[in-house]
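A.B. asks: Let me begin by handing over the structure; questions about it come next.
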Amino acid sequence: MTEAAAAPTDQQTKGGRLTEWLMLYAGSVAAALFLTAVLVETTGGEWRPVMSALLDGSLRRPGRWGETLGTMAPLLLVALGTVISSKAGLINIGQEGQLAIGAAFAAYFGLLIGGPGPINVVIVLIFGVVGGAFWAGIAGILRFRRSVPEVLSTLLMVTIASQAVAYALGKPWLLLASEANRGNRNQVSEQLGADNRIPRPDIFGNEFPISVYMALILAVAVAFALKSTTWGFRLRMLGQNPTAARRVGVSQGRYGMAALMVSGGFAGLAGAAMLAGGGFAFGNYQIVPGFSGNVGWTGLLVALVASNRAVAAIPAAFVFASLRTGSGFVASTGVESKITDVMQGLLVLALLIPPAVMFIRDRRRARAATMART
Amino acid sequence: MTQGLGSTGVGESTGSPAPKVEFSGITKRFGAVVACDAVDLSFFSGKVHGILGENGAGKSTLMKVLIGLVLPDGGSISIDGTIQRIHDPLDAARLGVGMVHQHFSLVDPLSVWENVALGDAGRLDPEAVRARVGEISDQYGLHIDPNARVGDLTAGLRQRVEIIKCLRRDPSIVVFDEPTSVLTPDESAQLFDTLRNAVAAEGRTVVLVSHKLDEVLSATDDITIMRQGRVVERMNTVDADAATLARAMVGREVSLRSEAGALGLITDDDSVDVEVDSAERDTTLSLTGLRATGPGGVTLLDDLSLDVGAGEVLGIAGVEGNGQRALADLLSSLVPLTAGSVRVGNTVIDHTKPGAMARAGIAVIPEDRHDSGVVLDMTVTENLFLVDQSSVANRGIIDMRAARDHASQVILDFDIQCSGPDAPMWSLSGGNQQRVVLARELSNNPKVLVAAQPTRGLDVGAIEYMTDRIRHAAADGVAVLLISSELEEILDVSDRIAVMHRGRIVGLMSRAEATREQLGLLMGGAVA
């Protein structure tokens with residue numbers, strides 16, 4: 001009866017644990033980079049110029065880190081939504097579709113309502129949230145009224161979303177731009193007007209939409225909401241022990257639905273921010289086929305690598321954004337730019353291995369401690 | 001078969017036969033704790049050996065050494081005169097040692113024969129397995145349908161599956177670890193017949209590990225009593241009586257009622273401390289005509305009605321699996337009713353709405369705390385505010401410092417052993433997790449306290465603590481519903497006793513009127 005806790009919280013081991021974590025991360029990232037280098041060499045390239053191009057494209061060249069930050073914002077927003085649904089024990093993997101629908105809603109209603117500048121930017125963003133939440137909400141209704149697993153419904157609705165957006169892009173009464181504005185292109189939406197765009201102030205020769213700040217603030221807000229609000233507390237309870245949650249009055253339908261819709265809302269917000277934020281990566285303030293450009297999928301990876309912690313998603317999103325902006329420059333070295341996709345995959349693995357190793361080690365230690373006590 | 005107890009020739013062993021199993025000087029330390037301290041022990045073929053001891057006395061560790069789950073630090077085990085090193089359960093199985101564990105290790109969605117075949121190597125031959133199951137069930141009177149889904153079986157039948165699993169490998173030594181905790185008195189008697197049968201007919205060695213005096217007295221040939229890792233007493237069952245055994249087991253005279261209850265020593269003529277006429281109390285919890293069905297249309301509750309008054313402890317006796325769990329789940333808003341109503345005071349509670357029961361002031365110490373009692377991945381602090389955050393939250397924002405301060409106080413008040421308010425719940429031992437649940441449920445000023453098997457798996461000291469707290473809650477005017485399959489616990493704490501069978505109340509009496517025999521009959525389904 002007098003056994004103390006087995007939690008690894010002893011003061012003297014804390015520093016040791018941090019070192020252990022750092023060593024693990026350094027080791028596995030180095031291994032991923034090494035494998036990439038080997039791959040580049042064996043496919044006939046040279047690894048030095050490739051790595052250098054990657055750095056040039058993401059950070060070093062003028063204006064590039066602004067571009068990277070601009071790319072980071074939607075990735076981070078998608079990841080934050082993923083964190084929320086995962087904490088509630090729900091697996092939303094349809095961000096790619098929710099993002100596309102959010103952007104479509106934002107474009108349609110933003111152009112339809114068209115108020116004075118700043119207010120209209122807010123309207124555009126709000127309709128992005130509404131679109132994403134609506135799309136995730138359908139999966140939510142299927143889940144909580146008809147017990148359809150949300151993993152399947154959210155995933156399959158990505159396909160439907162891309163079809164729906166493609167359809168809307170073909171109809172003048174939906175998204176298709178007027179003939180005068182679309183020229184000879186036949187699937188393109190009207191551009192958002194100059195005063196309906198998110199401002200892109202210039203900082204040290206880098207410019208990025210101020211939605212980056214919004215994403216960063218939201219990351220901190222999500223972390224706080226999950227940790228220190230009753231809503232977040234109950235959401236986590238639902239994710240970790242649904243039975244206990246039900247006993248204390250956390251309705252799975254209500255909270256689960258809310259979590260899915262908030263999650264989709266974040267993806268939709270990311271879509272609206274891409275639309276209104278512009279930048280080299282996300283086109284010209286208009287929707288074109290393939291607008292979502294895998295941001296939804298990559299955002300999922302960001303949340304995965306951050307092991308569903310909102311603040312940890314910030315650096316993770318930055319790393320993935322760097323790979324995206326850097327990959328454009330890799331092509332100039334003559335190496336297939338797809339190599340960065342492989343590198344991205346290897347990095348995901350590299351960043352996932354340390355938590356897994358630590359989990360196994362902790363469990364082993366806990367078991368040893370338990371054996372020593374009983 | 002019932003006369004088998006006396007007729008197997010306990011005293012007829014000629015001379016002194018060689019022991020089948022011999023422990024000599026077995027020692028096992030876990031850190032500073034000595035679980036087994038130079039234990040010498042012999043088991044013989046054709047005999048039923050009882051090993052008696054409190055929780056933590058070392059009896060389970062000793063058996064784990066025999067089964068290969070624990071490696072001893074010192075000493076040796078010989079089987080048939082040869083010293084053996086048993087490194088893992090496979091070694092043990094090769095040497096003919098089988099064990100029927102206290103907690104079933106069965107896979108619910110699989111059928112009986114599939115569960116029996118689990119762990120087999122090579123190709124699966126369903127027909128052969130089914131035939132073997134049939135053979136064993138005929139041979140030992142363990143009747144069971146090999147094609148039945150294990151999830152649909154009662155606890156007694158599940159245990160049969162465990163026993164068949166064990167006997168299928170034809171072990172020469174069979175260990176039963178606390179086998180009767182899930183059985184009716186009748187089923188227990190049947191089980192002991194089986195034990196006796198296996199011994200008498202086939203010369204196997206049977207070891208019965210238990211903390212219940214009565215069953216050790218009625219089913220064994222000799223008794224070994226362990227305390228704090230040592231063998232303190234050894235006697236032939238014919239020479240033993242309950243009082244001697246209890247003294248040897250605890251190490252002093254047993255005086256406290258709850259201690260006696262924990263050991264199964266409550267006798268029927270024990271007077272009840274204070275007799276309060278239940279008619280005079282205000283009814284706090286009122287259950288009327290409750291009906292509930294489980295998955296597959298199984299009836300869980302069948303027209304169950306019950307009133308519990310303020311300040312009263314109503315004990316619900318019954319063999320596990322007769323709807324007690326459903327009743328506790330209902331009062332935790334986990335199971336909806338198909339008919340009937342639950343009232344607290346004069347308010348009817350909406351049974352379909354999550355959390356409605358908790359909001360109405362029904363506190364629950366659940367049977368399986370990991371199920372609905374705690375969230376293992378949250379901290380002790382968070383677990384203390386699981387039900388109600390209003391005392392530490394302001395407009396939906398939790399004041400973490402206040403919560404932590406409060407938690408530190410509770411940890412002191414309830415003597416919870418943990419590394420602090422931020423310790424994750426999984427790092428606490430079972431008894432301490434139970435204290436967190438108790439502290440939380442009592443801190444919300446409940447009107448009703450439902451305690452389901454609250455002392456299961458706790459040692460004598462912890463049992464006393466728990467029963468004390470339950471009595472105090474009642475003294476403070478809480479209506480207490482105590483659900484337990486331990487008759488002794490019910491008899492020890494309750495003011496009134498109800499017996500549950502197949503989802504209904506089949507008997508209701510005051511403590512003074514209750515006798516063990518009568519309760520036992522009612523539990524088995526006999527009409528009152």
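Identifiers in the structure tokens: chain A, B, ... in order shown; residue index from 1 per chain; ligand index from 1 in order shown.
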With a distance threshold of 9 Å and counting only C-alpha atoms, extract the residues of chain B near chain A and express them as a count of residues only.

C.D. replies: 58

A.B. asks: Can you tell me, as a PDB file with N, CA and C atoms, in the first residue's frame, what residues are no more than 7 Å from region 83-91 of chain A when counting only C-alpha atoms, ignoring any on the same chain fewer than 5 positions away?

C.D. replies:
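Printed below is around-v6.pdb as written:
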ATOM      1  N   GLU A 150     -15.731   7.991 -38.686  1.00  0.00           N
ATOM      2  CA  GLU A 150     -15.365   9.283 -39.264  1.00  0.00           C
ATOM      3  C   GLU A 150     -14.085   9.189 -40.081  1.00  0.00           C
ATOM      4  N   VAL A 151     -13.271   8.153 -39.809  1.00  0.00           N
ATOM      5  CA  VAL A 151     -12.042   7.986 -40.598  1.00  0.00           C
ATOM      6  C   VAL A 151     -12.410   7.825 -42.069  1.00  0.00           C
ATOM      7  N   LEU A 235     -13.277  17.809 -23.452  1.00  0.00           N
ATOM      8  CA  LEU A 235     -12.941  17.230 -24.750  1.00  0.00           C
ATOM      9  C   LEU A 235     -11.882  16.140 -24.601  1.00  0.00           C
ATOM     10  N   ARG A 236     -10.857  16.427 -23.792  1.00  0.00           N
ATOM     11  CA  ARG A 236      -9.802  15.441 -23.583  1.00  0.00           C
ATOM     12  C   ARG A 236     -10.341  14.217 -22.852  1.00  0.00           C
ATOM     13  N   LEU A 238     -13.286  13.048 -23.111  1.00  0.00           N
ATOM     14  CA  LEU A 238     -14.003  12.270 -24.117  1.00  0.00           C
ATOM     15  C   LEU A 238     -13.018  11.431 -24.932  1.00  0.00           C
ATOM     16  N   GLY A 239     -11.868  12.024 -25.250  1.00  0.00           N
ATOM     17  CA  GLY A 239     -10.894  11.308 -26.064  1.00  0.00           C
ATOM     18  C   GLY A 239     -10.224  10.183 -25.305  1.00  0.00           C
ATOM     19  N   GLN A 240      -9.981  10.387 -24.022  1.00  0.00           N
ATOM     20  CA  GLN A 240      -9.186   9.414 -23.281  1.00  0.00           C
ATOM     21  C   GLN A 240     -10.016   8.366 -22.560  1.00  0.00           C
ATOM     22  N   GLY A 256     -18.307  15.623 -29.464  1.00  0.00           N
ATOM     23  CA  GLY A 256     -17.635  15.026 -30.607  1.00  0.00           C
ATOM     24  C   GLY A 256     -17.954  15.799 -31.879  1.00  0.00           C
ATOM     25  N   ALA A 259     -16.093  19.000 -31.817  1.00  0.00           N
ATOM     26  CA  ALA A 259     -14.669  18.821 -32.103  1.00  0.00           C
ATOM     27  C   ALA A 259     -14.447  18.640 -33.604  1.00  0.00           C
ATOM     28  N   LEU A 260     -15.311  17.850 -34.245  1.00  0.00           N
ATOM     29  CA  LEU A 260     -15.147  17.627 -35.683  1.00  0.00           C
ATOM     30  C   LEU A 260     -15.356  18.917 -36.460  1.00  0.00           C
ATOM     31  N   SER A 263     -12.551  21.275 -35.971  1.00  0.00           N
ATOM     32  CA  SER A 263     -11.436  20.744 -36.736  1.00  0.00           C
ATOM     33  C   SER A 263     -11.569  21.097 -38.219  1.00  0.00           C
ATOM     34  N   ALA A 303       0.621  17.624 -37.596  1.00  0.00           N
ATOM     35  CA  ALA A 303       0.019  17.261 -36.316  1.00  0.00           C
ATOM     36  C   ALA A 303       0.592  15.944 -35.804  1.00  0.00           C
ATOM     37  N   ASN A 308       0.291  15.769 -31.647  1.00  0.00           N
ATOM     38  CA  ASN A 308      -0.945  16.414 -31.221  1.00  0.00           C
ATOM     39  C   ASN A 308      -0.764  17.432 -30.105  1.00  0.00           C
ATOM     40  N   ARG A 309       0.344  18.164 -30.169  1.00  0.00           N
ATOM     41  CA  ARG A 309       0.497  19.296 -29.244  1.00  0.00           C
ATOM     42  C   ARG A 309       0.506  20.575 -30.067  1.00  0.00           C
ATOM     43  N   ALA A 310      -0.371  21.499 -29.691  1.00  0.00           N
ATOM     44  CA  ALA A 310      -0.605  22.672 -30.532  1.00  0.00           C
ATOM     45  C   ALA A 310       0.657  23.518 -30.695  1.00  0.00           C
TER      46      ALA A 310
END

A.B. asks: Can you list, as a list in words, all residues belonging to region 406-457 of chain B that DSSP tags as strand (DSSP E)?

C.D. replies: Val448, Leu449, Val450, Ala451 and Ala452 of chain B

A.B. asks: Can you pull out the residues contacting Arg60 (chain A)? Cut-off 12 Å, using only C-alpha atoms, and skip same-chain residues under 5 positions away; I want them as a VMD selection string.

C.D. replies: chain A and resid 51 to 55 65 to 68 205 to 206 322 325 to 326 329

A.B. asks: Please save C-alpha atoms of the selected residues as a PDB file, in the first residue's frame.

C.D. replies:
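The file below, result_9.pdb, is the result:
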ATOM      1  CA  MET A  51      20.904  20.573 -49.707  1.00  0.00           C
ATOM      2  CA  SER A  52      22.179  24.014 -50.518  1.00  0.00           C
ATOM      3  CA  ALA A  53      19.312  24.631 -52.964  1.00  0.00           C
ATOM      4  CA  LEU A  54      16.877  23.463 -50.327  1.00  0.00           C
ATOM      5  CA  LEU A  55      18.236  26.040 -47.885  1.00  0.00           C
ATOM      6  CA  TRP A  65      11.744  33.016 -45.443  1.00  0.00           C
ATOM      7  CA  GLY A  66       8.717  35.268 -45.859  1.00  0.00           C
ATOM      8  CA  GLU A  67       7.457  32.832 -48.447  1.00  0.00           C
ATOM      9  CA  THR A  68       8.133  29.960 -46.070  1.00  0.00           C
ATOM     10  CA  GLY A 205      12.667  42.359 -47.810  1.00  0.00           C
ATOM     11  CA  ASN A 206      10.373  39.496 -46.937  1.00  0.00           C
ATOM     12  CA  SER A 322      10.625  24.881 -45.631  1.00  0.00           C
ATOM     13  CA  THR A 325       9.407  26.220 -50.528  1.00  0.00           C
ATOM     14  CA  GLY A 326      12.846  24.684 -50.840  1.00  0.00           C
ATOM     15  CA  PHE A 329      14.885  25.342 -55.974  1.00  0.00           C
TER      16      PHE A 329
END

A.B. asks: Which polymer residues have any atom within 12 Å of an atom of Ile217 (chain A), counting only C-alpha atoms, with same-chain residues fewer than 6 positions away left out, as a ChimeraX atom specification?

C.D. replies: /A:73,76-77,80,210-211,223-224,310-311,314

A.B. asks: Determine, counting only C-alpha atoms, which protein, DNA and RNA residues have an atom within 9 Å of an atom of Ile163 (chain B); residues of the same chain fewer than 5 positions away are not included. Present the result as an NGL selection string.

C.D. replies: :B and (99-100 or 142 or 158 or 168 or 176)
